[in-house]
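Data first, discussion second: the structure below is written as C-alpha cells.
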Amino acid sequence: MIAEVRGLSFSYRNRAVLSDVSFTLEEGTVLGVVGPNGCGKTTLIKCLDRILDPRGTVKIRGRDIADYRGDELARTVAYVPQALSVGMAMTVLEVVLMGRKPHVRWSVSDDDISLVTNTLSCLGIGHLAFRKLTQVSGGERQKVMIARALVQEPSLLLLDEPTSALDVRHQLEVMGLIQSVVRERRIGALAAIHDLNLAARFCDSIVVLHEGKVRAAGNPGSLLTPELIREVYGVKAVVGREDGLPYILPVEPVGSETR
Amino acid sequence: MKDTERELAADQLQSGDVTRTYREMISRRVLAIAVLAAAIILLAAVAVTLGSADLTVSEVYIAIFSRFFPGNLSIDPLTSTIVWDFRLHRVIFAVLAGFGLAVAGAMMQGVLRNPLASPFTLGIASAATFGAALAIVFLPPLFDGDLVLVACAFSASLLATAAIYGLSRYRGMSAESMVLAGIILMYLFGAITSFLQYTGNTEQLQAVVFWMFGSLQQTSWLKCGIVGVVLGISVPYVILKAWDFNALAMGDQVARSLGVRVERTRTVHMFIAALITASIICFTGTIGFIGLVSPHITRLALGGDHRYLLVASGLIGALILLLADSLARTILAPTIIPVGIMTAFIGIPFFLYLFLRRKEEYW
C-alpha cells in the first residue's frame with residue numbers, strides 16, 4: 001500500500017475544512033479526488049505532503065508522515081500545486097532539475113540530466129529544455145511542473161488540478177502519461193480533478209468530497225451516478241457509457257432547494 | 001549561442017545533447033565568474049596606484065612588496081604609510097563591501113521572491129542611518145565618536161531586522177508580510193531620521209547628510225578584518241544553501257515539498273543578509289544601489305540559478321564599488337566624490353544597457 005489515511009481532519013482557525021477523511025491508495029493506481037469548489041481537495045493534498053498539519057493519521061509506505069525527515073519526505077512525496085509560480089530567469093531544464101534537489105547535494109550528475117531529458121521527452125516538451133520558463137505557455141508550464149515532480153522519483157505523486165491549463169488533447173496525454181508512470185514504477189498518484197470525465201477515464205478509484213467529508217469512494221464506473229452528481233454538485237447530468245467507460249454530460253444546475 | 005539556437009527539436013532530443021548543452025551553459029557561468037574575479041584583481045591592482053599623493057606605480061608596488069621582503073626592498077616610510085594605511089585597505093574594503101552588499105541583496109530577493117527587495121528597500125539601511133543620526137545628534141563623541149556611531153548604526157540595523165521578523169511572524173512569515181514590514185520600517189526610520197536632522201545643528205546636519213552619501217574614507221585594516229570574517233563565515237553557508245533559494249523561486253509550497261523548511265530558511269537568511277549589510281554600512285554609510293541592482297545585472301547576464309547567481313552577484317557588486325570608488329577618488333581629485341553617489345553613476349548605465357538589450361523576461 002502506498003498511502004493510508006485514517007480520520008484526517010483539518011480546520012483553518014475555527015472553520016472545519018476536512019472532517020474524518022479516510023481512504024487508502026494502492027500501488028500502481030491513480031486515485032482521483034473530486035468534489036465541488038471549496039470541498040477541501042487542495043487542503044487534503046497539502047495535508048498529505050505535510051504542508052498543513054492535520055489531525056488523524058497519514059501513512060506513506062506504512063510509515064507516519066510525521067516520522068519522515070524533510071528530505072526523506074521530499075524523496076517520497078512529490079507535489080504539483082494548482083497555482084504555478086514562475087521561477088526567476090530559469091530555463092525549463094533547470095526548473096525540472098530542481099526535482100532532483102532531494103537527491104543531490106550540489107552538482108547534478110549526467111544521470112540526473114538524462115532522467116530530466118527523458119521525462120521532458122515523454123511529456124512532449126523536450127524542445128523547450130533551454131527556454132526560459134517565462135517564455136512558455138501556461139499549458140507547457142503545467143507540464144514542466146509535472147515533469148519536475150516526476151523526476152523527484154516519489155512513491156506518491158500529489159497533483160492538484162494537473163490538467164486545468166491544458167487543452168483536451170494535452171489533458172488526455174498528460175493523464176495517460178501519469179497513469180502509465182504510476183503503473184510502470186508501481187507508485188501511487190492522488191489527483192484532485194474537476195473534470196469528472198477525466199477522473200472516470202484515468203482514475204482507478206475516486207473519493208468524492210462534499211463539505212469536507214467523504215461522500216462516496218470506490219470505482220468511478222459504478223460511483224458516478226446522476227443522483228450523486230446532483231447531490232454533490234447540484235447539477236442535473238446524464239451518465240452514459242462508451243467503450244466500457246462512463247462519461248458525464250452536465251445538463252443544467254438544479255435549484256438549491258432540491259440539493 | 002542564442003537560446004533559439006539551443007532549442008532542440010522534440011524528436012531529436014538526446015540526453016547526450018542536452019547534457020552537453022547544459023554542461024556548456026554551466027561552463028560559461030563558471031568562466032564568467034573567473035573573468036569577473038580576474039577583472040576585480042586587475043582593477044584593484046590599478047586602484048591602489050591611484051590617489052592624490054604623487055606616487056609612481058613602481059613606488060606603490062615596492063611599498064607593498066617591501067612588507068613581505070623587508071631585506072630586499074626598501075622604500076621611504078611616508079610612501080609605505082600612504083600605500084598601506086590609506087590606499088590598500090580602502091581598495092580591499094571596497095571589494096569586500098561591494099561583494100557583501102550584492103550577496104545580501106541577492107539573498108533577500110531570493111528568499112522574498114521580490115525584485116525590489118534589498119537591505120535598502122526593506123528598512124535595514126534606513127535603520128542604520130537612523131542609528132548614525134542618533135549618534136551624531138544626541139551622542140556627541142563620548143570616548144570615540146566613530147565607535148559610538150558604528151555601534152549605533154549596527155545595532156539599529158539588527159534591531160530593524162528583528163522588528164521585521166516580529167511583525168511578519170505575527171502575520172505568518174510569508175514573503176509578502178516580510179516585504180511590507182520592511183517597507184513600513186523604511187518609512188518609519190526615514191521619518192525619524194528626518195526629524196533628527198531637523199532638530200540638529202548645521203554641523204550635525206552636515207554629518208548626517210555625509211553619512212547618507214556613503215563613503216570609504218574611514219576604512220581600516222581592522223574594519224576589513226571584521227567584514228572579512230563576517231563574509232568568510234556567512235557566504236560559504238549561504239552558497240551551500242543555493243538549492244533552497246532555487247526551490248523558493250518556485251513558491252513556498254513547492255519549496256516545502258522539495259524539503260525546504262521555508263519559514264526557517266527565510267528567517268535565517270534575512271538575518272544573515274542583515275548582518276552582512278550592517279557590518280558594512282555601519283562603517284561606510286549608505287551605499288544603496290549595489291544590493292538592489294547587482295543581482296539583477298547578474299540574472300540578466302547569467303540566469304537565475306543561485307549556485308552561480310550569489311557569487312557572481314557578489315563579484316559584480318565588488319567590481320561596481322571598486323570602480324566607483326576609484327573614479328570617485330580621481331575624477332575631481334583632490335576632491336573625493338562620495339562613493340554612494342558614484343556607484344549609481346557607474347551601475348545604472350550598465351544595468352540600463354542590459355535591461356533594454358535583453359528584452360525577454362528574466363524575473
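By order of appearance in the C-alpha cells: chains A, B, ..., then residues from 1 within every chain, and ligands from 1 in the order shown.
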At a cut-off of 10 Å, using only C-alpha atoms, what residues contact Trp221 in chain B? Leave out same-chain residues fewer than 4 positions from it and give the result as a ChimeraX atom specification.
/B:84-86,88-90,92-93,225-227
**Message:** Can you work out which residues from chain A touch chain B at a cut-off of 8 Å (counting only C-alpha atoms) and hand them back as an NGL selection string?
**Reply:** :A and (49 or 51 or 70-75 or 77-81 or 84-90 or 94 or 98-99 or 101-102 or 106 or 110 or 113-114 or 117-118 or 121 or 124-132 or 134-135)
Which residues are near Pro253 in chain A? Cut-off 8 Å, only C-alpha atoms, ignore same chain within fewer than 5 positions. Put them as a VMD selection string.
chain A and resid 234 to 236
**Message:** Which residues are near Ala38 in chain B? Cut-off 10 Å, only C-alpha atoms, ignore same chain within fewer than 6 positions. Put them as a PyMOL selection string.
**Reply:** chain B and resi 32+44+315
- request: Find the residues around Lys41 in chain A up to 8 Å (only C-alpha atoms counted), leave out those fewer than 3 positions away in its own chain, and share them as a ChimeraX atom specification.
  value: /A:33-35,38,44-45,160,192,209
request  = Looking only at strand (DSSP E or B) from DSSP on the backbone, list the matching residues of range 34-66 of chain A as JSON, numbers by chain.
outcome  = {"A": [34, 55, 56, 57, 58, 59, 60, 63, 64]}
Take the residues that were just selected and, keeping N, CA and C atoms, output them as a PDB file, in the first residue's frame.
ATOM      1  N   VAL A  34     -12.522  14.118  -6.190  1.00  0.00           N
ATOM      2  CA  VAL A  34     -13.424  15.035  -6.888  1.00  0.00           C
ATOM      3  C   VAL A  34     -14.382  15.673  -5.898  1.00  0.00           C
ATOM      4  N   ARG A  55      -5.139  16.707  11.980  1.00  0.00           N
ATOM      5  CA  ARG A  55      -5.332  15.661  12.994  1.00  0.00           C
ATOM      6  C   ARG A  55      -5.614  14.357  12.249  1.00  0.00           C
ATOM      7  N   GLY A  56      -5.373  13.231  12.920  1.00  0.00           N
ATOM      8  CA  GLY A  56      -5.595  11.936  12.272  1.00  0.00           C
ATOM      9  C   GLY A  56      -4.271  11.324  11.830  1.00  0.00           C
ATOM     10  N   THR A  57      -4.370  10.250  11.077  1.00  0.00           N
ATOM     11  CA  THR A  57      -3.166   9.517  10.689  1.00  0.00           C
ATOM     12  C   THR A  57      -2.993   9.526   9.176  1.00  0.00           C
ATOM     13  N   VAL A  58      -1.759   9.858   8.746  1.00  0.00           N
ATOM     14  CA  VAL A  58      -1.405   9.723   7.329  1.00  0.00           C
ATOM     15  C   VAL A  58      -0.148   8.867   7.270  1.00  0.00           C
ATOM     16  N   LYS A  59      -0.253   7.710   6.640  1.00  0.00           N
ATOM     17  CA  LYS A  59       0.911   6.839   6.499  1.00  0.00           C
ATOM     18  C   LYS A  59       1.267   6.705   5.025  1.00  0.00           C
ATOM     19  N   ILE A  60       2.554   6.882   4.736  1.00  0.00           N
ATOM     20  CA  ILE A  60       3.052   6.657   3.376  1.00  0.00           C
ATOM     21  C   ILE A  60       3.993   5.459   3.455  1.00  0.00           C
ATOM     22  N   ARG A  63       4.521   4.170   6.950  1.00  0.00           N
ATOM     23  CA  ARG A  63       5.189   4.989   7.965  1.00  0.00           C
ATOM     24  C   ARG A  63       4.480   6.331   8.097  1.00  0.00           C
ATOM     25  N   ASP A  64       4.248   6.733   9.334  1.00  0.00           N
ATOM     26  CA  ASP A  64       3.566   8.001   9.591  1.00  0.00           C
ATOM     27  C   ASP A  64       4.381   9.160   8.994  1.00  0.00           C
TER      28      ASP A  64
END
Residues within 7 Å of range 123-137 of chain B, only C-alpha atoms, excluding chain neighbours under 3 positions, as a VMD selection string: chain B and resid 119 to 120 140 148 to 149 152 to 154 156 to 157 160 to 161 182 to 183 185 to 186 189 to 190 192 to 193 196 200 204 208 212 274 282 286
Output C-alpha atoms for every residue in that selection, as a compact mmCIF listing (two decimals), in the first residue's frame.
# COMPACT_ATOMS: atom_id res chain seq x y z
CA PRO B 119 18.69 45.84 2.52
CA PHE B 120 17.88 49.38 1.44
CA PRO B 140 28.42 63.56 20.61
CA VAL B 148 29.66 55.13 19.06
CA LEU B 149 28.36 55.90 15.59
CA CYS B 152 24.51 52.72 16.91
CA ALA B 153 24.22 52.10 13.17
CA PHE B 154 24.99 48.40 13.55
CA ALA B 156 19.77 49.79 14.76
CA SER B 157 20.12 47.63 11.61
CA ALA B 160 15.12 46.68 12.45
CA THR B 161 15.64 43.11 11.20
CA GLY B 182 10.34 46.14 5.81
CA ILE B 183 8.73 48.94 3.83
CA LEU B 185 10.13 50.28 8.85
CA MET B 186 11.95 52.00 6.00
CA PHE B 189 13.16 55.20 10.23
CA GLY B 190 13.27 57.65 7.32
CA ILE B 192 12.67 59.71 12.44
CA THR B 193 15.98 60.45 10.71
CA LEU B 196 16.68 64.19 13.92
CA GLY B 200 20.25 69.01 14.81
CA GLN B 204 25.27 67.71 12.77
CA VAL B 208 24.21 63.05 8.81
CA MET B 212 23.86 59.15 3.95
CA ALA B 274 21.07 41.96 7.62
CA CYS B 282 27.98 50.85 9.86
CA THR B 286 24.56 54.33 2.89
Once you count only C-alpha atoms, what closest atom pair and distance in Å to one decimal does each residue of range 172-283 of chain B within 12 Å of range 332-351 of chain B have, with rows by chain and rising residue number, as a tab-separated table?
residue	atom	partner	partner_atom	distance
B:Val209	CA	B:Pro338	CA	10.8
B:Phe210	CA	B:Pro338	CA	7.9
B:Trp211	CA	B:Pro338	CA	9.2
B:Met212	CA	B:Gly340	CA	8.1
B:Phe213	CA	B:Gly340	CA	5.2
B:Gly214	CA	B:Gly340	CA	4.6
B:Ser215	CA	B:Pro338	CA	5.2
B:Leu216	CA	B:Val339	CA	7.0
B:Gln217	CA	B:Pro338	CA	8.8
B:Gln218	CA	B:Pro338	CA	11.9
B:Ile281	CA	B:Gly340	CA	10.8
Keeping only N, CA and C atoms, take the residues you just selected and write them out as a compact mmCIF listing (two decimals), in the first residue's frame.
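Dumped everything to again.txt:
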# COMPACT_ATOMS: atom_id res chain seq x y z
N VAL B 209 24.04 64.04 6.61
CA VAL B 209 23.92 64.01 5.14
C VAL B 209 25.14 63.31 4.52
N PHE B 210 26.33 63.64 5.04
CA PHE B 210 27.54 63.00 4.52
C PHE B 210 27.49 61.49 4.74
N TRP B 211 26.98 61.08 5.91
CA TRP B 211 26.86 59.64 6.20
C TRP B 211 25.91 58.99 5.20
N MET B 212 24.86 59.71 4.87
CA MET B 212 23.86 59.15 3.95
C MET B 212 24.40 59.03 2.52
N PHE B 213 25.42 59.81 2.17
CA PHE B 213 26.01 59.69 0.83
C PHE B 213 26.81 58.40 0.70
N GLY B 214 27.34 57.92 1.80
CA GLY B 214 28.18 56.73 1.75
C GLY B 214 29.61 57.09 1.37
N SER B 215 30.57 56.52 2.10
CA SER B 215 31.96 56.86 1.84
C SER B 215 32.88 55.75 2.31
N LEU B 216 34.00 55.60 1.63
CA LEU B 216 35.00 54.61 2.07
C LEU B 216 36.20 55.33 2.72
N GLN B 217 36.00 56.58 3.15
CA GLN B 217 37.08 57.37 3.74
C GLN B 217 37.60 56.78 5.04
N GLN B 218 36.70 56.16 5.79
CA GLN B 218 37.06 55.74 7.15
C GLN B 218 37.46 54.27 7.25
N ILE B 281 27.69 48.69 6.28
CA ILE B 281 27.26 50.10 6.21
C ILE B 281 27.47 50.85 7.53
Which residues are close to Arg264 in chain B, i.e. within 10 Å by only C-alpha atoms, leaving aside same-chain residues fewer than 5 positions away? Reply as a list in words. Met173, His269 and Met270 of chain B
What does the distance between CA of Arg230 in chain A and CA of Thr43 in chain A come to in Å, to one decimal place?
->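 If I compute the distance from CA of Arg230 in chain A to CA of Thr43 in chain A, I get 23.5 Å.
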| request: Could you please write out, as number ranges by chain, every residue of range 54-290 of chain B that DSSP assigns to alpha helix (DSSP H)? | output: B: 57-66, 77-82, 89-112, 124-138, 145-171, 175-199, 202-213, 221-240, 242-248, 252-257, 262-284, 289-290
Which is closest to Arg201 in chain A among A:Gln179, A:Thr42, A:Asn14, A:Gln142, if we use only C-alpha atoms?
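Selected residue with least distance to Arg201 in chain A: A:Gln179.
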Requested in this report: Work out how far apart CA of Phe68 in chain B and CA of Ile82 in chain B are and give it in Å to one decimal.
Outcome: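 We find that CA of Phe68 in chain B and CA of Ile82 in chain B lie 16.6 Å from each other.
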